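Structure below is structure-v7.cif: mmCIF, C-alpha atoms.
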data_coords
#
loop_
_atom_site.label_atom_id
_atom_site.label_comp_id
_atom_site.auth_asym_id
_atom_site.auth_seq_id
_atom_site.Cartn_x
_atom_site.Cartn_y
_atom_site.Cartn_z
CA MET A 41 0.00 0.00 0.00
CA ASN A 42 1.30 3.44 -0.94
CA ALA A 43 1.67 5.99 1.84
CA VAL A 44 3.04 9.51 2.13
CA LEU A 45 3.93 11.87 4.96
CA GLY A 46 3.81 15.61 4.35
CA LEU A 47 5.14 18.35 6.66
CA GLU A 48 4.14 22.00 6.85
CA ASP A 49 7.59 23.06 5.59
CA GLY A 50 6.93 21.24 2.31
CA THR A 51 8.85 18.05 3.10
CA ILE A 52 7.37 14.97 1.40
CA ILE A 53 8.30 11.42 2.48
CA LYS A 54 6.93 8.41 0.60
CA GLY A 55 6.90 4.94 2.08
CA THR A 56 4.99 1.72 2.54
CA GLY A 57 1.65 1.95 4.28
CA PHE A 58 0.28 -0.43 6.87
CA GLY A 59 -2.66 -0.48 9.21
CA ALA A 60 -5.81 1.31 8.09
CA GLU A 61 -6.25 3.34 4.92
CA GLY A 62 -7.11 6.98 5.38
CA ILE A 63 -5.84 10.46 6.17
CA VAL A 64 -4.76 11.77 9.57
CA SER A 65 -3.07 14.96 10.67
CA GLY A 66 -1.32 16.24 13.78
CA GLU A 67 2.04 17.26 15.11
CA LEU A 68 4.88 14.95 14.08
CA VAL A 69 6.74 14.08 17.30
CA PHE A 70 9.53 11.62 18.01
CA THR A 71 10.21 9.33 20.94
CA THR A 72 13.61 7.81 21.70
CA GLN A 73 12.44 4.74 23.63
CA TYR A 74 13.68 1.35 22.42
CA THR A 75 10.73 -0.63 23.78
CA GLY A 76 7.23 0.15 25.00
CA TYR A 77 5.56 0.90 21.69
CA GLU A 78 2.28 -0.53 23.03
CA GLU A 79 2.35 1.83 25.99
CA ALA A 80 3.31 4.82 23.86
CA LEU A 81 0.72 4.29 21.13
CA THR A 82 -2.07 3.91 23.70
CA ASP A 83 -0.98 6.86 25.87
CA PRO A 84 -3.74 9.51 25.64
CA SER A 85 -1.06 12.22 25.83
CA TYR A 86 -0.32 11.45 22.15
CA LYS A 87 -3.81 12.48 21.05
CA GLY A 88 -3.43 14.95 18.17
CA GLN A 89 0.06 13.75 17.33
CA ILE A 90 1.64 11.47 14.74
CA LEU A 91 4.17 9.35 16.61
CA MET A 92 7.59 8.57 15.16
CA PHE A 93 10.06 6.17 16.79
CA THR A 94 13.77 6.89 16.48
CA TYR A 95 14.53 3.23 17.19
CA PRO A 96 14.62 1.63 13.72
CA LEU A 97 12.70 -1.62 14.36
CA ILE A 98 9.23 -1.48 15.90
CA GLY A 99 6.94 -4.44 16.54
CA ASN A 100 9.61 -7.09 17.05
CA TYR A 101 7.98 -8.53 20.20
CA GLY A 102 4.44 -8.16 18.91
CA VAL A 103 1.37 -6.88 20.73
CA SER A 104 0.00 -8.55 23.85
CA ASP A 105 -2.72 -6.05 24.91
CA ASN A 106 -1.42 -6.38 28.49
CA CYS A 107 0.55 -3.13 28.34
CA PHE A 108 -2.13 -0.78 27.04
CA GLU A 109 -2.38 2.57 28.83
CA SER A 110 -5.94 3.21 27.64
CA ASP A 111 -8.69 1.44 25.73
CA GLY A 112 -6.85 1.69 22.41
CA VAL A 113 -4.37 3.54 20.21
CA LYS A 114 -4.57 7.28 20.86
CA ALA A 115 -1.75 8.51 18.60
CA GLU A 116 -3.17 9.66 15.26
CA GLY A 117 -0.66 7.63 13.23
CA LEU A 118 2.66 5.79 13.36
CA VAL A 119 5.94 6.49 11.53
CA VAL A 120 8.77 3.93 11.60
CA LYS A 121 11.90 2.93 9.73
CA GLU A 122 10.90 -0.73 9.78
CA ALA A 123 7.81 -2.52 11.13
CA CYS A 124 8.35 -6.16 12.06
CA PRO A 125 5.97 -8.56 10.25
CA GLU A 126 6.93 -11.67 12.26
CA PRO A 127 7.29 -10.85 15.98
CA SER A 128 8.82 -13.26 18.45
CA HIS A 129 7.45 -13.33 21.99
CA HIS A 130 5.46 -15.91 23.93
CA MET A 131 2.82 -13.35 24.95
CA SER A 132 2.33 -11.86 21.50
CA LYS A 133 -1.25 -11.98 20.20
CA LYS A 134 -0.93 -9.88 17.05
CA THR A 135 1.52 -7.90 14.94
CA ILE A 136 1.95 -4.13 14.90
CA PHE A 137 0.30 -4.26 11.44
CA GLU A 138 -2.78 -5.96 12.89
CA LEU A 139 -2.93 -3.57 15.84
CA MET A 140 -3.01 -0.48 13.64
CA GLU A 141 -5.56 -2.04 11.29
CA ASP A 142 -7.82 -3.12 14.17
CA GLU A 143 -7.62 0.36 15.67
CA GLY A 144 -8.35 2.10 12.38
CA LYS A 145 -5.05 3.97 12.46
CA PRO A 146 -2.56 4.41 9.59
CA GLY A 147 1.16 3.68 9.71
CA ILE A 148 4.03 4.29 7.32
CA ALA A 149 7.29 2.33 7.12
CA GLY A 150 10.46 2.72 5.06
CA VAL A 151 10.95 6.25 6.38
CA ASP A 152 14.31 7.88 7.10
CA THR A 153 13.39 8.55 10.72
CA ARG A 154 16.91 9.75 11.53
CA MET A 155 16.62 12.55 8.99
CA LEU A 156 13.18 13.54 10.25
CA THR A 157 14.35 13.52 13.87
CA ILE A 158 17.30 15.78 13.05
CA LYS A 159 14.97 18.09 11.10
CA THR A 160 12.58 18.26 14.07
CA ARG A 161 15.40 19.01 16.51
CA GLU A 162 16.72 21.78 14.27
CA HIS A 163 13.45 23.42 13.22
CA GLY A 164 11.07 22.40 16.00
CA THR A 165 7.93 20.28 16.02
CA MET A 166 5.94 20.66 12.80
CA ARG A 167 2.38 19.96 11.71
CA ALA A 168 2.09 16.91 9.49
CA ALA A 169 -0.36 14.76 7.57
CA LEU A 170 -0.18 11.03 6.85
CA ILE A 171 -2.09 9.55 3.91
CA ASN A 172 -2.39 5.78 3.69
CA GLY A 173 -3.49 4.53 0.28
CA SER A 174 -2.01 7.37 -1.78
CA ASP A 175 1.36 8.91 -2.58
CA ASP A 176 0.07 12.43 -3.25
CA GLY A 177 2.64 14.42 -1.31
CA GLU A 178 1.26 17.81 -2.32
CA GLU A 179 -2.10 16.91 -0.80
CA ALA A 180 -0.39 15.78 2.41
CA VAL A 181 1.51 19.07 2.71
CA GLU A 182 -1.68 21.05 2.06
CA ILE A 183 -3.53 19.16 4.80
CA ALA A 184 -0.62 19.63 7.20
CA ARG A 185 -0.60 23.39 6.67
CA ALA A 186 -4.39 23.72 7.00
CA GLN A 187 -4.73 22.21 10.48
CA LYS A 188 -5.10 24.29 13.62
CA SER A 189 -2.33 24.90 16.11
CA ILE A 190 -2.28 22.36 18.94
CA SER A 191 -2.81 25.22 21.41
CA ASP A 192 -6.18 26.03 19.80
CA ILE A 193 -7.67 22.56 20.33
CA ASP A 194 -9.23 21.07 23.46
CA PHE A 195 -7.84 17.52 23.37
CA ILE A 196 -8.69 16.77 27.00
CA SER A 197 -12.41 16.52 26.24
CA GLN A 198 -11.59 13.95 23.54
CA VAL A 199 -9.78 11.52 25.86
CA THR A 200 -11.28 11.99 29.33
CA CYS A 201 -13.78 9.53 30.80
CA PRO A 202 -17.44 10.39 30.07
CA GLN A 203 -18.70 9.69 33.61
CA PRO A 204 -17.19 9.32 37.10
CA PHE A 205 -16.51 5.81 38.35
CA LYS A 206 -14.87 4.21 41.38
CA LEU A 207 -12.17 1.54 41.62
CA GLU A 208 -11.85 -0.23 44.96
CA SER A 209 -8.39 -1.44 45.92
CA PRO A 210 -8.14 -5.14 46.87
CA LEU A 211 -5.55 -4.03 49.44
CA ARG A 212 -7.72 -1.36 51.07
CA ASP A 213 -7.96 -1.12 54.84
CA PRO A 214 -11.72 -1.33 55.62
CA SER A 215 -11.16 0.41 58.95
CA ASN A 216 -9.27 3.27 57.31
CA PRO A 217 -10.30 3.55 53.64
CA ILE A 218 -8.45 6.13 51.58
CA ASN A 219 -10.16 7.71 48.58
CA VAL A 220 -8.14 9.48 45.90
CA VAL A 221 -10.07 11.50 43.33
CA LEU A 222 -8.20 11.22 40.05
CA VAL A 223 -9.07 14.02 37.63
CA ASP A 224 -8.83 12.36 34.23
CA CYS A 225 -7.21 14.76 31.78
CA GLY A 226 -6.12 11.81 29.63
CA ARG A 227 -4.85 9.45 32.30
CA LYS A 228 -2.57 6.48 31.79
CA LEU A 229 -3.99 3.33 33.38
CA SER A 230 -0.68 2.69 35.14
CA ILE A 231 -1.36 5.70 37.39
CA GLU A 232 -4.48 4.16 38.89
CA ARG A 233 -2.74 0.77 39.05
CA SER A 234 0.04 2.26 41.18
CA LEU A 235 -2.51 3.90 43.49
CA LEU A 236 -4.60 0.74 43.83
CA ALA A 237 -1.49 -1.35 44.52
CA ARG A 238 -0.91 0.75 47.65
CA GLY A 239 -4.37 0.23 49.09
CA MET A 240 -5.96 3.45 47.90
CA ASP A 241 -9.42 3.50 46.36
CA VAL A 242 -9.58 5.63 43.21
CA THR A 243 -12.55 7.67 42.04
CA VAL A 244 -11.94 8.78 38.46
CA VAL A 245 -13.76 11.93 37.34
CA PRO A 246 -13.80 13.75 33.98
CA GLY A 247 -11.24 16.47 33.35
CA ASN A 248 -13.91 19.19 33.32
CA SER A 249 -15.49 18.18 36.64
CA SER A 250 -16.82 20.99 38.78
CA VAL A 251 -15.72 21.75 42.33
CA SER A 252 -19.06 20.50 43.66
CA THR A 253 -18.69 17.19 41.80
CA ILE A 254 -15.23 16.63 43.27
CA GLU A 255 -16.45 17.58 46.76
CA SER A 256 -19.28 15.08 46.54
CA TYR A 257 -16.78 12.20 46.63
CA ASP A 258 -15.15 13.41 49.86
CA PRO A 259 -11.58 12.90 48.65
CA ASP A 260 -8.57 12.45 50.89
CA LEU A 261 -6.32 13.60 48.05
CA LEU A 262 -6.84 15.23 44.67
CA PHE A 263 -4.73 13.84 41.80
CA PHE A 264 -4.41 15.47 38.34
CA SER A 265 -3.34 13.12 35.59
CA ASN A 266 -1.29 13.40 32.45
CA GLY A 267 -2.98 14.32 29.17
CA PRO A 268 -2.61 15.88 25.73
CA GLY A 269 -2.34 19.41 24.42
CA ASP A 270 -1.76 22.86 25.84
CA PRO A 271 -2.30 23.03 29.64
CA THR A 272 -3.98 26.44 29.35
CA GLN A 273 -6.97 24.60 27.81
CA ALA A 274 -7.62 22.90 31.18
CA GLN A 275 -9.46 25.82 32.78
CA ASP A 276 -11.85 23.69 34.86
CA ALA A 277 -8.97 21.71 36.34
CA ILE A 278 -7.00 24.89 37.05
CA SER A 279 -10.02 26.32 38.87
CA ALA A 280 -10.34 23.13 40.92
CA VAL A 281 -6.71 23.38 42.05
CA LYS A 282 -7.25 26.98 43.14
CA HIS A 283 -10.38 26.06 45.08
CA PHE A 284 -8.90 23.08 46.94
CA THR A 285 -5.50 24.64 47.68
CA GLY A 286 -5.11 24.57 51.45
CA GLU A 287 -8.09 22.22 51.88
CA LEU A 288 -6.77 18.97 50.37
CA PRO A 289 -3.44 17.42 49.44
CA ILE A 290 -2.98 17.96 45.69
CA VAL A 291 -0.69 15.96 43.40
CA GLY A 292 -0.07 15.98 39.65
CA ILE A 293 1.81 14.18 36.89
CA CYS A 294 2.83 15.64 33.51
CA LEU A 295 -0.14 17.76 32.32
CA GLY A 296 -1.34 17.65 35.94
CA HIS A 297 1.99 19.19 36.98
CA GLN A 298 1.46 22.01 34.49
CA ILE A 299 -2.14 22.53 35.64
CA ILE A 300 -1.07 22.84 39.28
CA SER A 301 1.72 25.24 38.30
CA LEU A 302 -0.70 27.45 36.33
CA ALA A 303 -3.04 27.52 39.33
CA MET A 304 -0.10 28.61 41.49
CA GLY A 305 0.47 31.61 39.20
CA ALA A 306 3.20 30.24 36.96
CA GLU A 307 3.40 30.34 33.18
CA THR A 308 3.93 27.50 30.73
CA TYR A 309 5.57 27.51 27.32
CA LYS A 310 5.91 25.19 24.33
CA LEU A 311 9.19 23.32 24.03
CA LYS A 312 10.98 23.30 20.68
CA PHE A 313 10.55 19.56 20.21
CA GLY A 314 9.49 18.24 23.62
CA HIS A 315 10.70 15.39 25.82
CA ARG A 316 9.54 11.95 24.71
CA GLY A 317 11.38 8.81 25.71
CA ALA A 318 12.40 6.57 28.58
CA ASN A 319 15.85 7.92 29.39
CA GLN A 320 15.34 11.50 30.56
CA PRO A 321 17.66 12.40 33.50
CA VAL A 322 16.01 14.29 36.38
CA LYS A 323 17.94 15.66 39.35
CA ASP A 324 16.30 15.90 42.77
CA LEU A 325 17.54 19.09 44.41
CA GLU A 326 16.95 17.80 47.95
CA THR A 327 18.87 14.52 47.65
CA GLY A 328 21.16 15.30 44.72
CA ILE A 329 20.14 11.98 43.15
CA VAL A 330 19.60 11.81 39.37
CA HIS A 331 16.71 9.54 38.35
CA ILE A 332 16.24 8.24 34.81
CA THR A 333 12.61 8.83 33.85
CA SER A 334 9.96 8.21 31.24
CA GLN A 335 8.54 11.38 29.69
CA ASN A 336 6.02 12.52 27.10
CA HIS A 337 5.30 16.24 26.94
CA GLY A 338 5.57 19.20 24.60
CA PHE A 339 5.02 22.01 27.15
CA ALA A 340 6.99 22.98 30.24
CA VAL A 341 6.67 25.18 33.32
CA ASP A 342 8.61 28.44 33.62
CA GLY A 343 10.27 28.03 37.02
CA ASP A 344 10.89 31.78 37.39
CA SER A 345 7.26 32.75 36.87
CA PHE A 346 5.57 31.56 40.08
CA GLU A 347 3.60 34.35 41.74
CA GLU A 348 3.74 32.64 45.12
CA ALA A 349 7.14 32.52 46.80
CA GLU A 350 5.92 29.51 48.76
CA VAL A 351 6.26 27.30 45.66
CA ALA A 352 9.70 25.84 45.04
CA VAL A 353 11.24 24.02 42.10
CA THR A 354 12.33 20.63 43.49
CA GLN A 355 13.67 18.83 40.41
CA TYR A 356 15.07 19.74 37.02
CA ASN A 357 16.12 18.06 33.79
CA THR A 358 19.90 17.80 33.61
CA ASN A 359 19.84 17.98 29.80
CA ASP A 360 18.17 21.37 29.40
CA LYS A 361 17.44 22.54 32.99
CA THR A 362 13.66 22.53 32.45
CA VAL A 363 11.45 22.19 35.53
CA GLU A 364 10.66 18.57 36.43
CA GLY A 365 9.09 18.99 39.86
CA ILE A 366 7.57 21.56 42.19
CA ALA A 367 6.28 21.59 45.77
CA HIS A 368 4.56 24.06 48.06
CA LYS A 369 6.72 24.89 51.04
CA TYR A 370 3.88 24.78 53.58
CA LEU A 371 0.92 22.99 51.98
CA ASP A 372 0.58 19.38 50.84
CA ILE A 373 0.99 20.10 47.14
CA PHE A 374 3.59 18.62 44.81
CA SER A 375 3.88 17.51 41.20
CA VAL A 376 6.33 16.11 38.66
CA GLN A 377 6.66 16.55 34.91
CA TYR A 378 7.78 12.98 34.19
CA HIS A 379 5.91 9.67 34.54
CA PRO A 380 6.83 7.94 37.83
CA ASP A 381 4.28 5.23 37.02
CA ALA A 382 7.08 4.10 34.65
CA HIS A 383 5.16 2.46 31.79
CA PRO A 384 7.15 2.39 29.64
CA GLY A 385 10.38 3.33 31.30
CA PRO A 386 12.66 2.80 34.28
CA MET A 387 11.27 2.26 37.77
CA ASP A 388 13.63 4.71 39.50
CA SER A 389 10.95 7.00 40.93
CA GLU A 390 7.79 4.83 41.11
CA LYS A 391 8.13 3.78 44.74
CA LEU A 392 9.31 7.19 45.99
CA PHE A 393 6.50 9.08 44.28
CA PHE A 394 3.52 6.87 45.07
CA GLU A 395 4.51 6.16 48.66
CA LYS A 396 4.70 9.91 49.17
CA VAL A 397 1.20 10.14 47.70
CA LEU A 398 0.01 7.42 50.08
CA LYS A 399 1.47 9.27 53.05
CA LEU A 400 -0.30 12.50 52.11
CA ALA A 401 -3.62 10.78 51.41
CA GLY A 402 -3.55 8.76 54.62
CA GLY A 403 -2.67 11.74 56.76
CA LYS A 404 -6.23 13.05 56.79
CA LYS A 405 -7.76 10.07 58.58
#

So that I can check it, write out the structure of this file as structure tokens.
Amino acid sequence: MNAVLGLEDGTIIKGTGFGAEGIVSGELVFTTQYTGYEEALTDPSYKGQILMFTYPLIGNYGVSDNCFESDGVKAEGLVVKEACPEPSHHMSKKTIFELMEDEGKPGIAGVDTRMLTIKTREHGTMRAALINGSDDGEEAVEIARAQKSISDIDFISQVTCPQPFKLESPLRDPSNPINVVLVDCGRKLSIERSLLARGMDVTVVPGNSSVSTIESYDPDLLFFSNGPGDPTQAQDAISAVKHFTGELPIVGICLGHQIISLAMGAETYKLKFGHRGANQPVKDLETGIVHITSQNHGFAVDGDSFEEAEVAVTQYNTNDKTVEGIAHKYLDIFSVQYHPDAHPGPMDSEKLFFEKVLKLAGGKK
């Protein structure tokens, strides 16, 4: 099957199509992870983006469905150097070709991903269009240029849960139940798994939930998840942070970190090409320890822009010095930019982060 990728700067890349026929558009972003393509493709944070892997062979251990971070593929499309047609793994149920076809998503192989990664690093993230079933590059470029900026689209409403629901931990203490309200801005399932594994019940609510809705669940801790797009689109979540500041412990990951920072008076900005991969080094300023982390974000927090002096930057990225963590000096509020739930990625920070969450949530009772 013919396929073509067109970028807003006029670049046209022809290749071999796989998955579903059709046309998709979005930002072309790259991730440097070697493994974890199931987790990445199903991460709701990739909504609105065409995902390109820098690692040249994708699909070599197949697809098991056990590592999904949502109910299906959320990236708009997939770009690879080579897609493996015959995976080898005892848990594999299907190929990467079958996954993309089943999910109705297009993929393109035979692409010089090294060239496109270098171009992205030099010129910044660009809008793109992927056409599966055609090699009309001019049409792809035209579609890429016509799409809206990512900052003008509310992606959270496209990936959040439609209704609240509760998950009861099998390890809960009946005499001292702990209820975390998880505001779903595009959550990864591994976040709730980490909370449930520590005995906390989790009530998941939509990303646009009102203050009164959140209050009705009597939370012990308020947790803001990861998600796609520009954090300034999350006005309801920002308002919720402002309302509950000083009343409840508040924690956030990735987009949730940016939402909390905006509520604390900080500003956010778009990175040139973002952080996406499983080997991002983060230094903890309190301990001096550098953790290797999994990340997926295109926006960052301006650490010098906080209106409240009580908020401190606690961690930073050793590659580019961007803010990776904040904490309130006197209130139970903290957040991190990376993914301590570690799917995919190293487990360096999973225990430290979620046991700190457990301590804050259990402190109320």

Find the residues around stretch 68-83 of chain A up to 7 Å (all atoms listed in the file counted), leave out those fewer than 6 positions away in its own chain, and share them as a CSV table (one decimal) with C-alpha atoms, keeping the file's coordinate frame.
chain,number,residue,atom,x,y,z
A,89,GLN,CA,0.1,13.8,17.3
A,90,ILE,CA,1.6,11.5,14.7
A,91,LEU,CA,4.2,9.4,16.6
A,92,MET,CA,7.6,8.6,15.2
A,93,PHE,CA,10.1,6.2,16.8
A,94,THR,CA,13.8,6.9,16.5
A,95,TYR,CA,14.5,3.2,17.2
A,103,VAL,CA,1.4,-6.9,20.7
A,107,CYS,CA,0.6,-3.1,28.3
A,108,PHE,CA,-2.1,-0.8,27.0
A,109,GLU,CA,-2.4,2.6,28.8
A,110,SER,CA,-5.9,3.2,27.6
A,112,GLY,CA,-6.8,1.7,22.4
A,113,VAL,CA,-4.4,3.5,20.2
A,114,LYS,CA,-4.6,7.3,20.9
A,115,ALA,CA,-1.8,8.5,18.6
A,157,THR,CA,14.4,13.5,13.9
A,165,THR,CA,7.9,20.3,16.0
A,166,MET,CA,5.9,20.7,12.8
A,167,ARG,CA,2.4,20.0,11.7
A,168,ALA,CA,2.1,16.9,9.5
A,228,LYS,CA,-2.6,6.5,31.8
A,316,ARG,CA,9.5,12.0,24.7
A,317,GLY,CA,11.4,8.8,25.7
A,318,ALA,CA,12.4,6.6,28.6
A,383,HIS,CA,5.2,2.5,31.8
A,384,PRO,CA,7.2,2.4,29.6

Explicit residue set for the PyMOL selection byres ((chain A and resi 345) around 12), as a ChimeraX atom specification: /A:301-309,340-344,346-349,351-353,363

Chain and number of each residue from the PyMOL selection byres ((chain A and resi 229-232) around 10), as JSON, numbers by chain: {"A": [79, 82, 83, 84, 107, 108, 109, 110, 111, 207, 209, 220, 222, 226, 227, 228, 233, 234, 235, 236, 237, 240, 241, 242, 243, 244, 263, 265, 266, 293, 379, 380, 381, 382, 383, 384, 390, 394]}

I need the residues from that last selection saved to file as an mmCIF file, keeping the file's coordinate frame (with C-alpha atoms), if you can.
data_model
loop_
_atom_site.group_PDB
_atom_site.id
_atom_site.type_symbol
_atom_site.label_atom_id
_atom_site.label_comp_id
_atom_site.auth_asym_id
_atom_site.auth_seq_id
_atom_site.Cartn_x
_atom_site.Cartn_y
_atom_site.Cartn_z
ATOM 1 C CA GLU A 79 2.350 1.830 25.990
ATOM 2 C CA THR A 82 -2.070 3.910 23.700
ATOM 3 C CA ASP A 83 -0.980 6.860 25.870
ATOM 4 C CA PRO A 84 -3.740 9.510 25.640
ATOM 5 C CA CYS A 107 0.550 -3.130 28.340
ATOM 6 C CA PHE A 108 -2.130 -0.780 27.040
ATOM 7 C CA GLU A 109 -2.380 2.570 28.830
ATOM 8 C CA SER A 110 -5.940 3.210 27.640
ATOM 9 C CA ASP A 111 -8.690 1.440 25.730
ATOM 10 C CA LEU A 207 -12.170 1.540 41.620
ATOM 11 C CA SER A 209 -8.390 -1.440 45.920
ATOM 12 C CA VAL A 220 -8.140 9.480 45.900
ATOM 13 C CA LEU A 222 -8.200 11.220 40.050
ATOM 14 C CA GLY A 226 -6.120 11.810 29.630
ATOM 15 C CA ARG A 227 -4.850 9.450 32.300
ATOM 16 C CA LYS A 228 -2.570 6.480 31.790
ATOM 17 C CA ARG A 233 -2.740 0.770 39.050
ATOM 18 C CA SER A 234 0.040 2.260 41.180
ATOM 19 C CA LEU A 235 -2.510 3.900 43.490
ATOM 20 C CA LEU A 236 -4.600 0.740 43.830
ATOM 21 C CA ALA A 237 -1.490 -1.350 44.520
ATOM 22 C CA MET A 240 -5.960 3.450 47.900
ATOM 23 C CA ASP A 241 -9.420 3.500 46.360
ATOM 24 C CA VAL A 242 -9.580 5.630 43.210
ATOM 25 C CA THR A 243 -12.550 7.670 42.040
ATOM 26 C CA VAL A 244 -11.940 8.780 38.460
ATOM 27 C CA PHE A 263 -4.730 13.840 41.800
ATOM 28 C CA SER A 265 -3.340 13.120 35.590
ATOM 29 C CA ASN A 266 -1.290 13.400 32.450
ATOM 30 C CA ILE A 293 1.810 14.180 36.890
ATOM 31 C CA HIS A 379 5.910 9.670 34.540
ATOM 32 C CA PRO A 380 6.830 7.940 37.830
ATOM 33 C CA ASP A 381 4.280 5.230 37.020
ATOM 34 C CA ALA A 382 7.080 4.100 34.650
ATOM 35 C CA HIS A 383 5.160 2.460 31.790
ATOM 36 C CA PRO A 384 7.150 2.390 29.640
ATOM 37 C CA GLU A 390 7.790 4.830 41.110
ATOM 38 C CA PHE A 394 3.520 6.870 45.070
#

The PyMOL selection byres ((chain A and resi 313) around 8) applied to the shown file, residues as a PyMOL selection string: chain A and resi 69+160-161+164-165+311-312+314-315+338

Computed interatomic separation between atom CA of A:Leu261 and atom CA of A:Tyr356 (Å): 24.8 Å

Distance query stretch 248-251 of chain A at most 7 Å, all atoms listed in the file, self and fewer than 2 positions along chain excluded, as JSON, numbers by chain: {"A": [245, 246, 253, 254, 255, 276, 277, 280]}

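The coordinates place atom CA of A:Lys145 at 18.9 Å from atom CA of A:Gly177.
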
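For the choices A:Ala401, A:Ile53, A:Ile329, A:Ala123, the atom-to-atom distance to A:Thr354 is smallest for A:Ile329 when using all atoms listed in the file.
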
Selected residue of minimal separation from A:Ile136 among A:Lys206, A:Tyr86, A:Tyr257, A:Gly59, counting all atoms listed in the file: A:Gly59

Who sits within 9 Å of stretch 140-142 of chain A, all atoms listed in the file, same chain under 5 positions skipped, as a list in words: Phe58, Gly59, Ala60, Glu61, Val113, Gly117, Leu118, Thr135 and Gly147 of chain A

Could you turn the residues from that selection into a file that holds C-alpha atoms, as a PDB file, in the frame of the given file?
ATOM      1  CA  PHE A  58       0.280  -0.430   6.870  1.00  0.00           C
ATOM      2  CA  GLY A  59      -2.660  -0.480   9.210  1.00  0.00           C
ATOM      3  CA  ALA A  60      -5.810   1.310   8.090  1.00  0.00           C
ATOM      4  CA  GLU A  61      -6.250   3.340   4.920  1.00  0.00           C
ATOM      5  CA  VAL A 113      -4.370   3.540  20.210  1.00  0.00           C
ATOM      6  CA  GLY A 117      -0.660   7.630  13.230  1.00  0.00           C
ATOM      7  CA  LEU A 118       2.660   5.790  13.360  1.00  0.00           C
ATOM      8  CA  THR A 135       1.520  -7.900  14.940  1.00  0.00           C
ATOM      9  CA  GLY A 147       1.160   3.680   9.710  1.00  0.00           C
TER      10      GLY A 147
END

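Atom pair atom CA of A:Leu139 / atom CA of A:Asn336 has a distance of 21.6 Å (rounded to one decimal).
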
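With all atoms listed in the file as the atoms that count, the minimum distance from A:Glu326 to the choices A:Ala274, A:Ala367, A:Gly99, A:Arg154 is reached by A:Ala367.
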
Shell around stretch 183-196 of chain A at 7 Å using all atoms listed in the file, local window under 3 positions removed, as a VMD selection string: chain A and resid 46 to 48 65 87 167 to 169 179 to 180 199 to 200 225 to 226 247 267 to 270 273
